[in-house]
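Some notes on the structure that comes next.
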Amino acid sequence: MVIKFLDLHKINERFRVEFDKKVKEVLDSGWYIHGKQDELFEKHFAEFCGVKHCIGCANGLDALNLIIKGFGFKEGDEIIVPANTYIASILAISENGCTPILVEPDINTYNINPDLIEEKITKNTKAIMVVHLYGQAVRMDKIWQVAKKHGLKIIEDSAQAHGAVYKGKKTGSLGDASGFSFYPGKNLGCLGDGGCVTINDDELAARIRAIANYGSDRKYHHIYKGINSRLDEFQAAFLDVKLSCLNEDNSRRREISKFYRENIKNPKIILPKVYDENAHVWHIFAVRTPKRDEFQKYLADNGIQTIIHYPTPPHKQDAYKEWNELSYPITEEIHNTVLSLPISPVITDEEAARVVEVINEY
């Protein structure tokens, strides 16, 4: 038996009947972009997140890019961002000519360490980008305080945290604007690429919506130097179907996570820490071990698929050669030792038990 890291076919097969109906509905409508399905999904996802506006776009990177463009940040403006993140968080900053300022994570949560942010603020700092990595909401209290004290915007990268909660509020509503990805493997994933921005500010929402549509507020009238980034009708329809099961799917992920954390007893394996069960939706269940590559091979030999999120930190990538000599030891420790175990709403109890059994025998 092979336990897949993520069985996308099995995840989506649950919705086949509803998907077929939606495909027919879109085809019969003859409307494929900015139509009824997009409008419905944006309304429902905004309600889910507890915000006024959801703006569909082409992918999660575009969502962050659009937020930065919407704020009108200029070349040389600095945006604080975690050193321990997927490179998309940082690419969005660079794409707009802004300067990413890297901050080390908390080794226990893997998220940005709020205590290290204020020392990085300069006269050029305009925003703090928080990344709810692996599905765990960032502890926001101190970040809210620092942002208010220094007049900074808060941008959420919520690409891995659909439905995570911090003090009664969902990710997507914890900052001034939030970017989501609907890449197929996400907790809420479409059948292609997709993303969105969630926001409460009416004026900023209108600006971002226009920027995403060639800078146009109405047909052939362009008020910004925009881009083309839209969520098509098929993907919006699929997402709307799956949204109705997101809370249930996240609950199943929490069940599997709790089972792993209570039953994996191997002292060689460092389990993830959780400060609040509701704050985590377990997009990734990441463990750490010094001999990560050996451990991964052992699991593969025993029929358990795993993935490394992520083997190389952004500051060691060729894309950022100017940073390659910099040292972020906590980030590097995570990237050198982390390994993601299978977790999804369709993993069975038997499969989870097998994962635990194999790990405890390592």
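Labels for the structure tokens follow display order: chains A, B, ..., residues from 1 in each chain, ligands from 1.
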
Which residues are close to Leu152 (chain A), i.e. within 9 Å by only C-alpha atoms, leaving aside same-chain residues fewer than 6 positions away? Reply as a PyMOL selection string.
chain A and resi 125-128+146

Excluding Phe180 (chain A) and its own-chain neighbours fewer than 6 positions away, which residues fall within 12 Å of it when counting only C-alpha atoms? Please give them as a PyMOL selection string.
chain A and resi 45-46+49+54-67+88-89+131-132+135+155-163+171-173+186-189+193-199

Can you write just those residues out, C-alpha atoms, as a short mmCIF file (atom, residue, chain, number, x, y, z; two decimals), in the first residue's frame?
data_model
loop_
_atom_site.label_atom_id
_atom_site.label_comp_id
_atom_site.auth_asym_id
_atom_site.auth_seq_id
_atom_site.Cartn_x
_atom_site.Cartn_y
_atom_site.Cartn_z
CA PHE A 45 -15.89 33.73 0.28
CA ALA A 46 -16.08 37.30 1.60
CA CYS A 49 -13.72 35.33 5.83
CA CYS A 54 -13.40 39.43 -2.22
CA ILE A 55 -11.72 40.08 -5.58
CA GLY A 56 -10.96 36.99 -7.65
CA CYS A 57 -7.68 36.89 -9.55
CA ALA A 58 -5.46 34.48 -11.46
CA ASN A 59 -3.32 33.10 -8.61
CA GLY A 60 -1.94 33.74 -5.14
CA LEU A 61 1.18 35.59 -6.30
CA ASP A 62 -0.99 37.99 -8.28
CA ALA A 63 -3.15 38.52 -5.20
CA LEU A 64 -0.15 39.81 -3.22
CA ASN A 65 1.11 41.75 -6.22
CA LEU A 66 -2.26 43.46 -6.58
CA ILE A 67 -2.36 44.44 -2.91
CA ALA A 88 6.08 33.97 -3.69
CA SER A 89 5.69 36.19 -0.63
CA VAL A 131 2.48 34.63 6.25
CA HIS A 132 0.23 32.11 7.98
CA GLY A 135 -2.00 26.79 7.93
CA ILE A 155 -0.65 42.46 4.39
CA GLU A 156 -1.67 38.86 5.00
CA ASP A 157 -0.35 36.03 2.87
CA SER A 158 -3.16 33.58 3.60
CA ALA A 159 -2.32 31.18 0.76
CA GLN A 160 -2.03 28.20 3.13
CA ALA A 161 -4.57 29.18 5.78
CA HIS A 162 -8.12 29.14 4.41
CA GLY A 163 -10.37 29.13 7.47
CA THR A 171 -7.42 34.78 8.26
CA GLY A 172 -8.22 37.15 5.44
CA SER A 173 -9.66 39.62 7.94
CA LYS A 186 -4.64 24.14 -1.06
CA ASN A 187 -7.27 23.46 1.60
CA LEU A 188 -9.63 25.25 -0.79
CA GLY A 189 -8.23 24.48 -4.21
CA ASP A 193 -4.84 28.24 -10.92
CA GLY A 194 -6.77 30.85 -8.98
CA GLY A 195 -6.51 33.39 -6.19
CA CYS A 196 -8.23 36.32 -4.55
CA VAL A 197 -7.80 39.41 -2.42
CA THR A 198 -9.98 39.94 0.65
CA ILE A 199 -10.42 43.43 2.03
#

Run DSSP on the backbone and grab whatever in region 236-348 of chain A lands in strand (DSSP E); send it over as a PyMOL selection string.
chain A and resi 285-288+338-341

Nearest to Phe15 (chain A), chosen from A:Ile121, A:Cys245, A:Ile307, A:Ala352, with only C-alpha atoms counted in the distances
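Using only C-alpha atoms, the shortest distance to Phe15 (chain A) belongs to A:Cys245.
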
For Glu361 (chain A), list every protein, DNA or RNA residue within 10 Å, evaluated using only C-alpha atoms, and leave out those in the same chain fewer than 4 positions away; present the list as a ChimeraX atom specification.
/A:264-266,356-357

Using DSSP on the backbone, list every residue of region 6-165 of chain A that comes out as alpha helix (DSSP H), and give them as an MDAnalysis selection string.
chainID A and resid 8:13 16:29 36:49 60:71 88:95 141:150

Nearest residue to Val281 (chain A) from the set A:Lys316, A:Lys21, A:Lys10, A:Arg253 (distances using only C-alpha atoms)
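Nearest to Val281 (chain A): A:Arg253.
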
Best match for closeness to Leu341 (chain A) among A:Phe182, A:Phe285, A:Phe295, A:Trp323, counting only C-alpha atoms
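Closest residue, counting only C-alpha atoms: A:Phe285.
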
Just want the 9 Å neighbourhood of Leu271 (chain A), counted on only C-alpha atoms, with same-chain residues fewer than 5 positions away dropped. Output as a VMD selection string.
chain A and resid 260 to 261 264 285 to 288

Residues at most 9 Å from Glu39 (chain A), counting only C-alpha atoms, excluding those fewer than 5 positions away in the same chain, as a PyMOL selection string?
chain A and resi 34+44+56+236

Hey, can you spit out that residue selection with N, CA, C and O atoms as a PDB file, in the first residue's frame?
ATOM      1  N   HIS A  34     -15.778  37.063 -15.316  1.00  0.00           N
ATOM      2  CA  HIS A  34     -16.531  38.122 -14.630  1.00  0.00           C
ATOM      3  C   HIS A  34     -18.045  37.959 -14.816  1.00  0.00           C
ATOM      4  O   HIS A  34     -18.746  38.891 -15.187  1.00  0.00           O
ATOM      5  N   HIS A  44     -19.668  34.705  -1.407  1.00  0.00           N
ATOM      6  CA  HIS A  44     -19.645  33.656  -0.386  1.00  0.00           C
ATOM      7  C   HIS A  44     -18.300  33.595   0.344  1.00  0.00           C
ATOM      8  O   HIS A  44     -18.265  33.378   1.565  1.00  0.00           O
ATOM      9  N   GLY A  56     -11.604  38.144  -7.037  1.00  0.00           N
ATOM     10  CA  GLY A  56     -10.963  36.992  -7.648  1.00  0.00           C
ATOM     11  C   GLY A  56      -9.847  37.413  -8.589  1.00  0.00           C
ATOM     12  O   GLY A  56      -9.936  38.439  -9.270  1.00  0.00           O
ATOM     13  N   ALA A 236     -14.222  29.622 -10.497  1.00  0.00           N
ATOM     14  CA  ALA A 236     -15.063  30.233  -9.462  1.00  0.00           C
ATOM     15  C   ALA A 236     -16.200  29.292  -9.084  1.00  0.00           C
ATOM     16  O   ALA A 236     -16.537  29.138  -7.900  1.00  0.00           O
TER      17      ALA A 236
END

Return the single residue from A:Leu339, A:Ile80, A:Ile223, A:Val17 that is closest to His309 (chain A), with distances computed using only C-alpha atoms.
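Ranking A:Leu339, A:Ile80, A:Ile223, A:Val17 by distance to His309 (chain A), first place goes to A:Leu339.
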
Please provide as a PyMOL selection string all residues within 12 Å of Tyr320 (chain A), with the sequence filter that same-chain residues fewer than 3 positions apart are discarded (counting only C-alpha atoms).
chain A and resi 87+90-91+94+99-100+312-317+323-326

C-alpha atoms of the current selection, written as a compact mmCIF listing (two decimals), in the first residue's frame:
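result24.txt, written as the output of this step:
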# COMPACT_ATOMS: atom_id res chain seq x y z
CA ILE A 87 9.37 32.57 -2.29
CA ILE A 90 8.99 37.87 -1.43
CA LEU A 91 8.60 37.88 -5.22
CA SER A 94 10.39 42.61 -5.51
CA THR A 99 12.59 46.10 -0.77
CA PRO A 100 11.91 42.91 1.22
CA THR A 312 16.01 26.00 0.08
CA PRO A 313 15.10 29.28 1.81
CA PRO A 314 14.50 32.36 -0.35
CA HIS A 315 17.75 34.07 0.72
CA LYS A 316 19.75 31.10 -0.61
CA GLN A 317 17.99 30.98 -4.01
CA TRP A 323 21.37 37.67 -0.21
CA ASN A 324 23.23 34.38 -0.60
CA GLU A 325 25.94 35.28 1.93
CA LEU A 326 23.43 36.42 4.56

Report, in Å to a single decimal, how far apart CA of Gly70 (chain A) and CA of Lys149 (chain A) are.
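According to the coordinates, CA of Lys149 (chain A) and CA of Gly70 (chain A) are separated by 22.3 Å.
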
Grab the CA of Gly215 (chain A) to CA of Ile227 (chain A) distance for me, in Å with one decimal place.
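The value is 6.6 Å.
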
Measuring atom to atom with only C-alpha atoms, identify which of A:Gln296, A:Thr122, A:Asn228, A:Thr109 is nearest to Val138 (chain A).
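Using only C-alpha atoms, Val138 (chain A) sits closest to A:Thr109.
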
With distances taken over only C-alpha atoms, the candidate from A:Leu191, A:Tyr110, A:Ala206, A:Tyr220 nearest Tyr86 (chain A) is A:Tyr110
